[in-house]
file protein-v3.cif (mmCIF, C-alpha atoms (C1' of nucleotides))
data_query
#
loop_
_atom_site.label_atom_id
_atom_site.label_comp_id
_atom_site.auth_asym_id
_atom_site.auth_seq_id
_atom_site.Cartn_x
_atom_site.Cartn_y
_atom_site.Cartn_z
CA MET X 26 -25.75 -2.15 -10.26
CA ALA X 27 -29.45 -2.71 -10.85
CA ASP X 28 -29.17 -5.59 -8.40
CA ALA X 29 -28.60 -3.16 -5.57
CA ASN X 30 -32.01 -1.65 -5.98
CA ILE X 31 -33.70 -5.01 -6.13
CA LEU X 32 -31.83 -6.46 -3.19
CA ASN X 33 -31.92 -3.50 -0.91
CA ALA X 34 -35.37 -2.17 -1.55
CA GLY X 35 -36.19 -1.64 2.08
CA ASN X 36 -35.36 -5.23 2.94
CA THR X 37 -33.51 -4.60 6.17
CA ALA X 38 -33.63 -8.21 7.33
CA ALA X 39 -31.93 -9.43 4.18
CA SER X 40 -29.43 -6.58 4.40
CA ALA X 41 -28.45 -7.48 7.91
CA GLN X 42 -27.93 -11.06 6.85
CA PHE X 43 -25.99 -10.00 3.79
CA LEU X 44 -23.63 -7.76 5.67
CA ARG X 45 -22.46 -10.33 8.12
CA GLU X 46 -19.02 -9.90 9.53
CA ALA X 47 -17.58 -12.92 7.75
CA GLU X 48 -18.42 -11.47 4.36
CA ILE X 49 -16.89 -8.16 5.29
CA ARG X 50 -13.72 -9.84 6.49
CA ARG X 51 -13.55 -11.89 3.34
CA GLY X 52 -13.70 -8.72 1.26
CA ILE X 53 -11.03 -7.01 3.37
CA GLU X 54 -8.69 -9.95 3.04
CA LEU X 55 -9.18 -10.53 -0.66
CA LEU X 56 -8.71 -6.83 -1.31
CA TYR X 57 -5.50 -6.86 0.70
CA PHE X 58 -4.04 -9.95 -0.96
CA GLY X 59 -5.29 -9.05 -4.40
CA TYR X 60 -3.81 -5.59 -4.25
CA THR X 61 -0.46 -6.63 -2.86
CA ASN X 62 -0.11 -9.44 -5.37
CA MET X 63 -0.91 -7.10 -8.23
CA VAL X 64 1.67 -4.50 -7.32
CA ARG X 65 4.26 -7.15 -6.51
CA GLY X 66 4.10 -8.27 -10.12
CA ALA X 67 6.11 -5.27 -11.25
CA ASP X 68 8.76 -5.32 -8.52
CA GLY X 69 11.32 -7.32 -10.46
CA LEU X 70 11.26 -5.03 -13.45
CA LEU X 71 11.32 -1.96 -11.22
CA ASP X 72 14.28 -3.35 -9.31
CA SER X 73 16.22 -3.97 -12.49
CA HIS X 74 15.86 -0.26 -13.25
CA GLY X 75 16.70 0.87 -9.73
CA LEU X 76 13.20 2.18 -9.16
CA GLY X 77 10.57 1.56 -6.50
CA ARG X 78 6.83 1.40 -6.28
CA ALA X 79 6.52 5.14 -5.79
CA HIS X 80 8.20 5.65 -9.16
CA HIS X 81 5.84 3.15 -10.71
CA ARG X 82 2.77 4.98 -9.48
CA ALA X 83 4.01 8.27 -10.89
CA LEU X 84 4.94 6.72 -14.24
CA TYR X 85 1.57 5.00 -14.39
CA PHE X 86 -0.49 8.14 -13.95
CA ILE X 87 1.67 10.26 -16.22
CA ALA X 88 1.21 7.62 -18.91
CA ARG X 89 -2.48 7.59 -18.26
CA ARG X 90 -2.89 11.36 -18.49
CA PRO X 91 -0.16 12.97 -20.55
CA ALA X 92 0.43 16.67 -19.89
CA MET X 93 -0.90 16.31 -16.38
CA PRO X 94 0.09 19.21 -14.12
CA VAL X 95 2.04 18.40 -10.96
CA GLY X 96 -0.86 19.41 -8.76
CA ASP X 97 -3.19 16.90 -10.34
CA LEU X 98 -0.68 14.12 -9.82
CA LEU X 99 -0.33 15.16 -6.20
CA ALA X 100 -4.08 14.93 -5.77
CA LEU X 101 -4.18 11.44 -7.30
CA LEU X 102 -1.29 10.11 -5.25
CA ASN X 103 -2.42 11.86 -2.09
CA ILE X 104 1.12 12.51 -0.88
CA THR X 105 3.02 15.71 -0.14
CA LYS X 106 4.82 17.62 -2.84
CA GLN X 107 8.09 16.98 -1.02
CA SER X 108 7.60 13.24 -1.35
CA LEU X 109 6.66 13.52 -4.98
CA SER X 110 9.55 15.82 -5.79
CA ARG X 111 12.09 13.13 -4.93
CA VAL X 112 10.34 10.67 -7.18
CA LEU X 113 10.01 13.11 -10.08
CA ALA X 114 13.64 14.17 -9.70
CA ASP X 115 14.71 10.52 -10.04
CA LEU X 116 12.54 10.02 -13.08
CA GLN X 117 13.80 13.16 -14.77
CA THR X 118 17.42 12.38 -13.98
CA ARG X 119 16.96 9.00 -15.65
CA GLY X 120 15.40 10.61 -18.70
CA LEU X 121 12.03 8.95 -18.23
CA VAL X 122 9.95 12.07 -17.61
CA ILE X 123 10.09 15.66 -18.84
CA GLN X 124 8.21 18.76 -17.83
CA ALA X 125 6.77 21.47 -20.05
CA VAL X 126 5.54 24.89 -19.07
CA GLY X 127 1.76 25.08 -19.28
CA GLN X 128 0.38 27.26 -22.05
CA ARG X 129 -2.87 28.27 -20.41
CA ASP X 130 -1.16 28.78 -17.06
CA ARG X 131 2.58 29.21 -17.22
CA ARG X 132 2.97 28.42 -13.54
CA GLN X 133 2.01 24.84 -14.24
CA ARG X 134 4.53 22.15 -15.09
CA LEU X 135 2.98 19.57 -17.38
CA LEU X 136 4.39 16.07 -17.01
CA GLU X 137 5.16 13.87 -19.99
CA LEU X 138 6.91 10.57 -20.51
CA THR X 139 9.92 10.47 -22.80
CA PRO X 140 9.98 7.61 -25.32
CA GLU X 141 12.14 5.70 -22.83
CA GLY X 142 9.68 6.43 -20.05
CA ALA X 143 6.79 5.30 -22.20
CA ALA X 144 8.63 2.09 -23.06
CA LEU X 145 9.26 1.33 -19.39
CA GLU X 146 5.70 2.12 -18.42
CA ALA X 147 4.46 -0.18 -21.16
CA ALA X 148 6.63 -2.99 -19.85
CA LEU X 149 5.44 -2.38 -16.29
CA PHE X 150 1.85 -2.28 -17.46
CA GLU X 151 2.33 -5.58 -19.22
CA GLU X 152 3.29 -7.15 -15.89
CA LEU X 153 0.09 -5.90 -14.30
CA ARG X 154 -1.99 -6.68 -17.37
CA THR X 155 -1.10 -10.34 -17.28
CA GLY X 156 -2.40 -10.81 -13.77
CA MET X 157 -5.49 -8.69 -14.20
CA ALA X 158 -6.42 -10.24 -17.56
CA GLY X 159 -6.09 -13.71 -16.06
CA ALA X 160 -8.34 -12.77 -13.17
CA TYR X 161 -10.91 -11.21 -15.51
CA ALA X 162 -10.90 -14.25 -17.74
CA GLN X 163 -11.31 -16.65 -14.82
CA ALA X 164 -14.08 -14.66 -13.23
CA GLY X 165 -16.05 -13.64 -16.30
CA GLN X 166 -17.41 -10.33 -17.54
CA ASN X 167 -20.28 -10.28 -15.10
CA ALA X 168 -17.91 -10.64 -12.18
CA VAL X 169 -15.73 -7.85 -13.54
CA THR X 170 -18.68 -5.50 -13.50
CA GLY X 171 -19.31 -6.39 -9.88
CA PHE X 172 -15.63 -5.96 -9.06
CA TRP X 173 -15.75 -2.43 -10.43
CA ALA X 174 -19.00 -1.64 -8.65
CA VAL X 175 -17.78 -2.66 -5.21
CA LEU X 176 -14.45 -0.88 -5.59
CA THR X 177 -16.17 2.27 -6.75
CA GLY X 178 -18.30 2.14 -3.63
CA LEU X 179 -15.16 2.05 -1.49
CA ILE X 180 -14.01 5.38 -2.89
CA PRO X 181 -15.41 8.46 -1.13
CA ALA X 182 -17.95 10.17 -3.33
CA VAL X 183 -15.91 13.38 -3.41
CA ASP X 184 -12.98 11.56 -4.98
CA ARG X 185 -14.92 9.75 -7.66
CA PRO X 186 -15.05 12.61 -10.18
CA MET X 187 -11.25 12.79 -10.12
CA ILE X 188 -11.02 9.12 -11.01
CA GLN X 189 -13.76 9.30 -13.58
CA GLU X 190 -11.89 12.11 -15.27
CA LEU X 191 -8.79 9.94 -15.26
CA GLN X 192 -10.70 7.19 -17.01
CA ALA X 193 -12.81 9.40 -19.27
CA GLY X 194 -12.71 8.69 -22.96
CA LEU X 195 -10.47 5.70 -22.76
CA MET H 182 -18.38 -18.01 -11.44
CA ALA H 183 -20.53 -20.03 -13.79
CA ASP H 184 -20.42 -17.03 -16.12
CA ALA H 185 -16.76 -17.60 -16.76
CA ASN H 186 -17.44 -20.90 -18.42
CA ILE H 187 -20.19 -19.52 -20.55
CA LEU H 188 -18.30 -16.42 -21.60
CA ASN H 189 -14.95 -17.96 -22.25
CA ALA H 190 -15.91 -21.25 -23.80
CA GLY H 191 -13.32 -21.05 -26.53
CA ASN H 192 -14.56 -17.68 -27.69
CA THR H 193 -11.20 -16.06 -28.36
CA ALA H 194 -12.62 -13.16 -30.35
CA ALA H 195 -14.88 -12.13 -27.49
CA SER H 196 -12.02 -12.61 -25.04
CA ALA H 197 -9.75 -10.31 -26.97
CA GLN H 198 -12.44 -7.66 -27.02
CA PHE H 199 -13.18 -8.17 -23.36
CA LEU H 200 -9.62 -7.82 -22.27
CA ARG H 201 -9.04 -4.44 -23.84
CA GLU H 202 -6.45 -2.25 -22.23
CA ALA H 203 -8.96 0.29 -20.97
CA GLU H 204 -10.76 -2.32 -18.91
CA ILE H 205 -7.51 -3.56 -17.44
CA ARG H 206 -6.47 -0.03 -16.52
CA ARG H 207 -9.83 0.62 -14.99
CA GLY H 208 -9.42 -2.42 -12.77
CA ILE H 209 -5.89 -1.44 -11.78
CA GLU H 210 -6.98 2.04 -10.82
CA LEU H 211 -10.10 1.05 -8.93
CA LEU H 212 -8.11 -1.58 -7.06
CA TYR H 213 -5.49 1.00 -6.13
CA PHE H 214 -7.94 3.65 -4.99
CA GLY H 215 -10.27 1.19 -3.33
CA TYR H 216 -7.49 -0.42 -1.36
CA THR H 217 -5.86 2.81 -0.26
CA ASN H 218 -9.17 4.32 0.78
CA MET H 219 -10.05 1.25 2.79
CA VAL H 220 -6.84 1.18 4.77
CA ARG H 221 -6.87 4.93 5.24
CA GLY H 222 -10.12 4.56 7.12
CA ALA H 223 -8.32 3.24 10.17
CA ASP H 224 -5.43 5.71 10.24
CA GLY H 225 -6.99 8.14 12.66
CA LEU H 226 -7.70 5.51 15.26
CA LEU H 227 -4.27 3.97 14.79
CA ASP H 228 -2.65 7.37 15.19
CA SER H 229 -4.49 8.03 18.41
CA HIS H 230 -2.90 4.86 19.78
CA GLY H 231 0.57 5.59 18.42
CA LEU H 232 0.38 2.68 16.02
CA GLY H 233 0.86 2.34 12.27
CA ARG H 234 -0.55 0.28 9.47
CA ALA H 235 1.92 -2.52 10.08
CA HIS H 236 0.54 -2.90 13.58
CA HIS H 237 -2.96 -2.96 12.20
CA ARG H 238 -2.18 -5.80 9.81
CA ALA H 239 -0.70 -7.89 12.60
CA LEU H 240 -3.60 -7.20 14.96
CA TYR H 241 -6.06 -8.02 12.20
CA PHE H 242 -4.64 -11.45 11.43
CA ILE H 243 -4.11 -12.38 15.06
CA ALA H 244 -7.74 -11.53 15.69
CA ARG H 245 -8.75 -13.56 12.69
CA ARG H 246 -6.78 -16.63 13.72
CA PRO H 247 -6.19 -16.79 17.44
CA ALA H 248 -3.26 -18.96 18.55
CA MET H 249 -1.55 -18.45 15.23
CA PRO H 250 2.15 -19.30 15.33
CA VAL H 251 4.61 -16.56 14.38
CA GLY H 252 5.64 -18.40 11.24
CA ASP H 253 2.11 -18.43 9.87
CA LEU H 254 1.77 -14.72 10.44
CA LEU H 255 5.05 -14.17 8.64
CA ALA H 256 3.75 -16.14 5.68
CA LEU H 257 0.55 -14.11 5.54
CA LEU H 258 2.28 -10.77 5.81
CA ASN H 259 5.10 -11.80 3.49
CA ILE H 260 7.71 -9.80 5.38
CA THR H 261 10.89 -10.75 7.22
CA LYS H 262 10.86 -11.88 10.81
CA GLN H 263 13.03 -8.86 11.68
CA SER H 264 10.35 -6.52 10.39
CA LEU H 265 7.62 -8.39 12.19
CA SER H 266 9.56 -8.56 15.44
CA ARG H 267 9.54 -4.78 15.78
CA VAL H 268 5.79 -4.71 15.31
CA LEU H 269 5.13 -7.57 17.72
CA ALA H 270 7.43 -6.04 20.32
CA ASP H 271 5.41 -2.81 20.16
CA LEU H 272 2.14 -4.68 20.50
CA GLN H 273 3.37 -6.74 23.43
CA THR H 274 4.85 -3.72 25.17
CA ARG H 275 1.46 -2.01 24.92
CA GLY H 276 -0.27 -5.07 26.33
CA LEU H 277 -2.27 -5.75 23.17
CA VAL H 278 -0.77 -9.13 22.28
CA ILE H 279 0.60 -12.03 24.27
CA GLN H 280 2.45 -15.17 23.26
CA ALA H 281 1.98 -18.69 24.53
CA VAL H 282 4.26 -21.66 24.08
CA GLY H 283 2.77 -24.15 21.64
CA GLN H 284 1.61 -27.42 23.17
CA ARG H 285 2.07 -29.63 20.14
CA ASP H 286 5.38 -27.99 19.30
CA ARG H 287 6.97 -26.11 22.13
CA ARG H 288 9.24 -24.16 19.79
CA GLN H 289 6.23 -22.30 18.47
CA ARG H 290 4.98 -19.05 19.94
CA LEU H 291 1.24 -18.78 19.56
CA LEU H 292 -0.09 -15.25 19.22
CA GLU H 293 -3.19 -14.05 21.04
CA LEU H 294 -4.86 -10.72 21.60
CA THR H 295 -5.36 -9.53 25.15
CA PRO H 296 -8.81 -8.14 25.97
CA GLU H 297 -7.39 -4.67 25.26
CA GLY H 298 -5.98 -5.87 21.95
CA ALA H 299 -9.28 -7.44 21.01
CA ALA H 300 -11.10 -4.21 21.85
CA LEU H 301 -8.76 -2.17 19.69
CA GLU H 302 -9.00 -4.61 16.82
CA ALA H 303 -12.77 -4.50 17.04
CA ALA H 304 -12.72 -0.72 16.83
CA LEU H 305 -10.33 -0.82 13.88
CA PHE H 306 -12.50 -3.41 12.18
CA GLU H 307 -15.51 -1.21 12.67
CA GLU H 308 -13.77 1.52 10.67
CA LEU H 309 -13.17 -0.85 7.80
CA ARG H 310 -16.57 -2.46 8.11
CA THR H 311 -18.38 0.80 7.57
CA GLY H 312 -16.73 1.40 4.24
CA MET H 313 -16.95 -2.16 3.02
CA ALA H 314 -20.57 -2.59 4.09
CA GLY H 315 -21.51 0.61 2.29
CA ALA H 316 -19.80 -0.58 -0.88
CA TYR H 317 -21.48 -3.98 -0.65
CA ALA H 318 -24.87 -2.41 -0.11
CA GLN H 319 -24.46 -0.02 -3.03
CA ALA H 320 -23.23 -2.68 -5.40
CA GLY H 321 -25.51 -5.54 -4.44
CA GLN H 322 -24.91 -9.18 -3.60
CA ASN H 323 -24.30 -10.22 -7.16
CA ALA H 324 -21.56 -7.64 -7.52
CA VAL H 325 -19.96 -8.79 -4.28
CA THR H 326 -19.65 -12.29 -5.65
CA GLY H 327 -17.93 -10.92 -8.73
CA PHE H 328 -15.67 -8.77 -6.56
CA TRP H 329 -14.53 -11.84 -4.68
CA ALA H 330 -14.07 -13.85 -7.84
CA VAL H 331 -11.82 -11.31 -9.56
CA LEU H 332 -9.72 -10.73 -6.45
CA THR H 333 -9.29 -14.45 -5.94
CA GLY H 334 -8.02 -14.69 -9.49
CA LEU H 335 -5.37 -12.08 -8.73
CA ILE H 336 -3.88 -14.26 -6.01
CA PRO H 337 -1.34 -16.83 -7.18
CA ALA H 338 -2.82 -20.31 -7.00
CA VAL H 339 -0.12 -21.46 -4.57
CA ASP H 340 -1.17 -18.80 -2.06
CA ARG H 341 -4.90 -19.48 -2.21
CA PRO H 342 -4.96 -22.42 0.22
CA MET H 343 -3.33 -20.22 2.88
CA ILE H 344 -6.08 -17.65 2.49
CA GLN H 345 -8.84 -20.21 2.32
CA GLU H 346 -7.59 -21.66 5.56
CA LEU H 347 -7.70 -18.19 7.05
CA GLN H 348 -11.32 -17.86 6.04
CA ALA H 349 -12.35 -21.42 6.73
CA GLY H 350 -15.30 -21.99 9.01
CA LEU H 351 -16.18 -18.38 9.51
"C1'" DC T 94 -2.17 48.80 -10.78
"C1'" DG T 95 -0.91 46.61 -6.64
"C1'" DA T 96 -1.94 42.95 -3.28
"C1'" DA T 97 -3.03 38.41 -2.57
"C1'" DA T 98 -3.46 33.82 -3.98
"C1'" DT T 99 -1.71 29.96 -6.63
"C1'" DA T 100 1.61 26.44 -8.71
"C1'" DC T 101 5.75 24.81 -8.03
"C1'" DG T 102 10.53 23.98 -6.18
"C1'" DT T 103 13.77 23.22 -2.36
"C1'" DC T 104 16.34 22.57 2.14
"C1'" DA T 105 16.30 20.09 6.45
"C1'" DA T 106 14.94 16.85 9.80
"C1'" DC T 107 12.42 12.97 11.14
"C1'" DA T 108 9.15 8.55 11.25
"C1'" DT T 109 7.59 4.19 9.50
"C1'" DG T 110 8.32 -0.02 7.89
"C1'" DG T 111 10.61 -2.66 4.68
"C1'" DC T 112 15.50 -5.16 3.84
"C1'" DT T 113 20.16 -8.05 4.51
"C1'" DG T 114 23.52 -10.37 7.32
"C1'" DA T 115 25.07 -12.66 11.32
"C1'" DC T 116 24.37 -15.21 15.62
"C1'" DG T 117 22.24 -17.80 19.41
"C1'" DC T 118 19.14 -21.09 21.66
"C1'" DA T 119 15.66 -24.52 22.60
"C1'" DA T 120 13.06 -28.15 20.80
"C1'" DA T 121 11.85 -31.48 17.32
"C1'" DT T 122 13.32 -34.82 14.07
"C1'" DA T 123 16.20 -37.87 11.27
"C1'" DT C 3 23.59 -37.86 18.48
"C1'" DA C 4 23.57 -34.66 14.60
"C1'" DT C 5 20.74 -31.81 12.03
"C1'" DT C 6 16.87 -29.06 11.16
"C1'" DT C 7 13.31 -26.03 12.59
"C1'" DG C 8 10.99 -22.05 15.02
"C1'" DC C 9 11.96 -18.06 17.00
"C1'" DG C 10 14.51 -13.99 18.91
"C1'" DT C 11 17.95 -10.31 18.47
"C1'" DC C 12 21.69 -6.90 17.32
"C1'" DA C 13 23.16 -3.77 13.76
"C1'" DG C 14 22.84 -1.12 9.81
"C1'" DC C 15 20.72 0.38 5.58
"C1'" DC C 16 17.01 1.88 2.18
"C1'" DA C 17 12.51 3.57 0.32
"C1'" DT C 18 9.06 6.53 1.03
"C1'" DG C 19 6.12 8.91 3.77
"C1'" DT C 20 5.76 13.31 7.09
"C1'" DT C 21 6.20 18.54 8.94
"C1'" DG C 22 7.90 23.13 8.69
"C1'" DA C 23 9.94 26.96 6.53
"C1'" DC C 24 11.09 29.73 2.50
"C1'" DG C 25 11.60 31.47 -2.29
"C1'" DT C 26 9.89 32.67 -7.05
"C1'" DA C 27 7.11 33.18 -10.99
"C1'" DT C 28 2.57 33.85 -12.50
"C1'" DT C 29 -2.23 34.64 -12.20
"C1'" DT C 30 -6.21 36.65 -10.24
"C1'" DC C 31 -8.81 39.89 -7.67
"C1'" DG C 32 -10.14 44.24 -5.39
#
call {"tool": "encode", "arguments": {"input": "protein-v3.cif", "output": "structure tokens"}}
result
Amino acid sequence: MADANILNAGNTAASAQFLREAEIRRGIELLYFGYTNMVRGADGLLDSHGLGRAHHRALYFIARRPAMPVGDLLALLNITKQSLSRVLADLQTRGLVIQAVGQRDRRQRLLELTPEGAALEAALFEELRTGMAGAYAQAGQNAVTGFWAVLTGLIPAVDRPMIQELQAGL
Amino acid sequence: MADANILNAGNTAASAQFLREAEIRRGIELLYFGYTNMVRGADGLLDSHGLGRAHHRALYFIARRPAMPVGDLLALLNITKQSLSRVLADLQTRGLVIQAVGQRDRRQRLLELTPEGAALEAALFEELRTGMAGAYAQAGQNAVTGFWAVLTGLIPAVDRPMIQELQAGL
DNA sequence: CGAAATACGTCAACATGGCTGACGCAAATA
DNA sequence: TATTTGCGTCAGCCATGTTGACGTATTTCG
């Protein structure tokens, strides 16, 4: 992160060089292939449970933030409540997720994983963990820091607090 | 990249520490949000042309590798030819893509962008470029190198040559 | 207190972009 | 010449996103 200040301290010539199209395209492509390969890692396990990627995303975030209200999950997933409702209905029917009435605000429905849901999420996470841990180990800690920095920069500033809250204290 | 050797030279205790779950989850989440925000950047322009993300992916790769045979594009996109055929039919109908018979192998159909297709791809690329260039600039060159390294590690080794060929000489 | 806003659920219809299976044809290759 | 390869196509299905319209319980505000 400190590098940014050093490198871009008014050095527009170096910036222009640095931001050449080929380097941008390389980033786009690696991001595309890296992302799709990561999520593909869990497809087999999802399939064996009759679930899809949308279910995985919901399980993932509920595991990450237990007692999350439906509205917060909607904001993270950035989909409509109608889309989410199908996914949540599936998960509840299968006994993987339960809802509790909020205590502070009784209109809220707080989402929780059942023990079975937690077990499945853990198994799904393990599939992702393997790939990510391998990539981290190959690249080294310094690279991981850069990986985080660039990805953070891709997220609109308004959305960053939401994600920081997700990751806070973990 | 050299860091990896230094950091992981048989230091299993440090590795275990380094690969803690929280750091894995952070990577998963940033990769998810970073990827979705990047691709979302082009949605407006795609919409205004009546196209979707699948069309964008095809346009992108055809622009990247002119005269690419259909089979190569299928391998990059990792979808079925039936799925791709719908997308290519749309693009050809709109005059954005044309096919030429291969000279070496006349069974092949080599994909090319028309001038209109190239113009649209350039505009779509500009949407992505803005976001990626901003992230690169914020994070710094050193971070970008780490970003590439981690993402490369997420791609199965068998697939890497295909992507390197895509990026070769650019 | 009463009105308005909020959090959530639901029904219905539709679009996008994946998938499988089955066939056909022209061109290259064994 | 027989087989394999590269590509196209018809047909149907599935997962997951969308819009629009309503309903209900609860909270908040004037």
call {"tool": "closest_atom_pairs", "arguments": {"input": "protein-v3.cif", "of": "chain T", "to": "chain H", "cutoff": "12 Å", "atoms": "all atoms listed in the file", "output": "JSON lines"}}
result
{"residue": "T:DA108", "atom": "C1'", "partner": "H:Gly233", "partner_atom": "CA", "distance": 10.4}
{"residue": "T:DT109", "atom": "C1'", "partner": "H:Gly233", "partner_atom": "CA", "distance": 7.5}
{"residue": "T:DG110", "atom": "C1'", "partner": "H:Ala235", "partner_atom": "CA", "distance": 7.2}
{"residue": "T:DG111", "atom": "C1'", "partner": "H:Ser264", "partner_atom": "CA", "distance": 6.9}
{"residue": "T:DC112", "atom": "C1'", "partner": "H:Thr261", "partner_atom": "CA", "distance": 8.0}
{"residue": "T:DT113", "atom": "C1'", "partner": "H:Thr261", "partner_atom": "CA", "distance": 10.0}
{"residue": "T:DG114", "atom": "C1'", "partner": "H:Gln263", "partner_atom": "CA", "distance": 11.5}
{"residue": "T:DC118", "atom": "C1'", "partner": "H:Arg288", "partner_atom": "CA", "distance": 10.5}
{"residue": "T:DA119", "atom": "C1'", "partner": "H:Arg288", "partner_atom": "CA", "distance": 7.0}
{"residue": "T:DA120", "atom": "C1'", "partner": "H:Arg288", "partner_atom": "CA", "distance": 5.6}
{"residue": "T:DA121", "atom": "C1'", "partner": "H:Asp286", "partner_atom": "CA", "distance": 7.6}
{"residue": "T:DT122", "atom": "C1'", "partner": "H:Asp286", "partner_atom": "CA", "distance": 11.7}
call {"tool": "resolve_selection", "arguments": {"input": "protein-v3.cif", "expression": "the PyMOL selection byres ((chain C) within 9 of (chain H))", "output": "list of chain:residue names"}}
result
C:DT7, C:DG8, C:DC9, C:DG10, C:DT11
call {"tool": "closest_atom_pairs", "arguments": {"input": "protein-v3.cif", "of": "chain H", "to": "chain X", "cutoff": "8 Å", "atoms": "all atoms listed in the file", "output": "JSON lines"}}
result
{"residue": "H:Met182", "atom": "CA", "partner": "X:Ala164", "partner_atom": "CA", "distance": 5.7}
{"residue": "H:Asp184", "atom": "CA", "partner": "X:Gly165", "partner_atom": "CA", "distance": 5.5}
{"residue": "H:Ala185", "atom": "CA", "partner": "X:Gly165", "partner_atom": "CA", "distance": 4.0}
{"residue": "H:Asn186", "atom": "CA", "partner": "X:Gly165", "partner_atom": "CA", "distance": 7.7}
{"residue": "H:Leu188", "atom": "CA", "partner": "X:Gly165", "partner_atom": "CA", "distance": 6.4}
{"residue": "H:Asn189", "atom": "CA", "partner": "X:Ala162", "partner_atom": "CA", "distance": 7.1}
{"residue": "H:Ser196", "atom": "CA", "partner": "X:Ala162", "partner_atom": "CA", "distance": 7.6}
{"residue": "H:Phe199", "atom": "CA", "partner": "X:Gln166", "partner_atom": "CA", "distance": 7.5}
{"residue": "H:Leu200", "atom": "CA", "partner": "X:Ala158", "partner_atom": "CA", "distance": 6.2}
{"residue": "H:Glu202", "atom": "CA", "partner": "X:Arg154", "partner_atom": "CA", "distance": 7.9}
{"residue": "H:Ala203", "atom": "CA", "partner": "X:Leu195", "partner_atom": "CA", "distance": 5.9}
{"residue": "H:Ile205", "atom": "CA", "partner": "X:Arg154", "partner_atom": "CA", "distance": 6.3}
{"residue": "H:Arg207", "atom": "CA", "partner": "X:Gln192", "partner_atom": "CA", "distance": 6.9}
{"residue": "H:Gly208", "atom": "CA", "partner": "X:Trp173", "partner_atom": "CA", "distance": 6.7}
{"residue": "H:Ile209", "atom": "CA", "partner": "X:Met157", "partner_atom": "CA", "distance": 7.7}
{"residue": "H:Leu211", "atom": "CA", "partner": "X:Leu176", "partner_atom": "CA", "distance": 5.8}
{"residue": "H:Leu212", "atom": "CA", "partner": "X:Tyr60", "partner_atom": "CA", "distance": 6.5}
{"residue": "H:Tyr213", "atom": "CA", "partner": "X:Tyr60", "partner_atom": "CA", "distance": 7.1}
{"residue": "H:Phe214", "atom": "CA", "partner": "X:Ile180", "partner_atom": "CA", "distance": 6.7}
{"residue": "H:Gly215", "atom": "CA", "partner": "X:Leu176", "partner_atom": "CA", "distance": 5.2}
{"residue": "H:Tyr216", "atom": "CA", "partner": "X:Leu56", "partner_atom": "CA", "distance": 6.5}
{"residue": "H:Asn218", "atom": "CA", "partner": "X:Ile180", "partner_atom": "CA", "distance": 6.2}
{"residue": "H:Met219", "atom": "CA", "partner": "X:Leu179", "partner_atom": "CA", "distance": 6.7}
{"residue": "H:Leu309", "atom": "CA", "partner": "X:Ile53", "partner_atom": "CA", "distance": 7.9}
{"residue": "H:Arg310", "atom": "CA", "partner": "X:Ile49", "partner_atom": "CA", "distance": 6.4}
{"residue": "H:Gly312", "atom": "CA", "partner": "X:Leu179", "partner_atom": "CA", "distance": 6.0}
{"residue": "H:Met313", "atom": "CA", "partner": "X:Ile49", "partner_atom": "CA", "distance": 6.4}
{"residue": "H:Ala314", "atom": "CA", "partner": "X:Leu44", "partner_atom": "CA", "distance": 6.2}
{"residue": "H:Gly315", "atom": "CA", "partner": "X:Gly178", "partner_atom": "CA", "distance": 6.9}
{"residue": "H:Ala316", "atom": "CA", "partner": "X:Gly178", "partner_atom": "CA", "distance": 4.1}
{"residue": "H:Tyr317", "atom": "CA", "partner": "X:Val175", "partner_atom": "CA", "distance": 6.0}
{"residue": "H:Ala318", "atom": "CA", "partner": "X:Ala29", "partner_atom": "CA", "distance": 6.7}
{"residue": "H:Gln319", "atom": "CA", "partner": "X:Ala29", "partner_atom": "CA", "distance": 5.8}
{"residue": "H:Ala320", "atom": "CA", "partner": "X:Ala29", "partner_atom": "CA", "distance": 5.4}
{"residue": "H:Gly321", "atom": "CA", "partner": "X:Ala29", "partner_atom": "CA", "distance": 4.1}
{"residue": "H:Gln322", "atom": "CA", "partner": "X:Ala29", "partner_atom": "CA", "distance": 7.3}
{"residue": "H:Asn323", "atom": "CA", "partner": "X:Asp28", "partner_atom": "CA", "distance": 6.8}
{"residue": "H:Ala324", "atom": "CA", "partner": "X:Gly171", "partner_atom": "CA", "distance": 3.5}
{"residue": "H:Val325", "atom": "CA", "partner": "X:Gly171", "partner_atom": "CA", "distance": 6.1}
{"residue": "H:Thr326", "atom": "CA", "partner": "X:Ala168", "partner_atom": "CA", "distance": 7.0}
{"residue": "H:Gly327", "atom": "CA", "partner": "X:Ala168", "partner_atom": "CA", "distance": 3.5}
{"residue": "H:Phe328", "atom": "CA", "partner": "X:Phe172", "partner_atom": "CA", "distance": 3.8}
{"residue": "H:Trp329", "atom": "CA", "partner": "X:Gly52", "partner_atom": "CA", "distance": 6.8}
{"residue": "H:Ala330", "atom": "CA", "partner": "X:Ala164", "partner_atom": "CA", "distance": 5.5}
{"residue": "H:Val331", "atom": "CA", "partner": "X:Ala160", "partner_atom": "CA", "distance": 5.2}
{"residue": "H:Leu332", "atom": "CA", "partner": "X:Gly59", "partner_atom": "CA", "distance": 5.2}
{"residue": "H:Thr333", "atom": "CA", "partner": "X:Leu55", "partner_atom": "CA", "distance": 6.6}
{"residue": "H:Gly334", "atom": "CA", "partner": "X:Ala160", "partner_atom": "CA", "distance": 4.2}
{"residue": "H:Leu335", "atom": "CA", "partner": "X:Gly59", "partner_atom": "CA", "distance": 5.3}
{"residue": "H:Ile336", "atom": "CA", "partner": "X:Gly59", "partner_atom": "CA", "distance": 5.6}
{"residue": "H:Pro337", "atom": "CA", "partner": "X:Asn62", "partner_atom": "CA", "distance": 7.7}
{"residue": "H:Gln348", "atom": "CA", "partner": "X:Arg51", "partner_atom": "CA", "distance": 6.9}
{"residue": "H:Leu351", "atom": "CA", "partner": "X:Ala47", "partner_atom": "CA", "distance": 5.9}
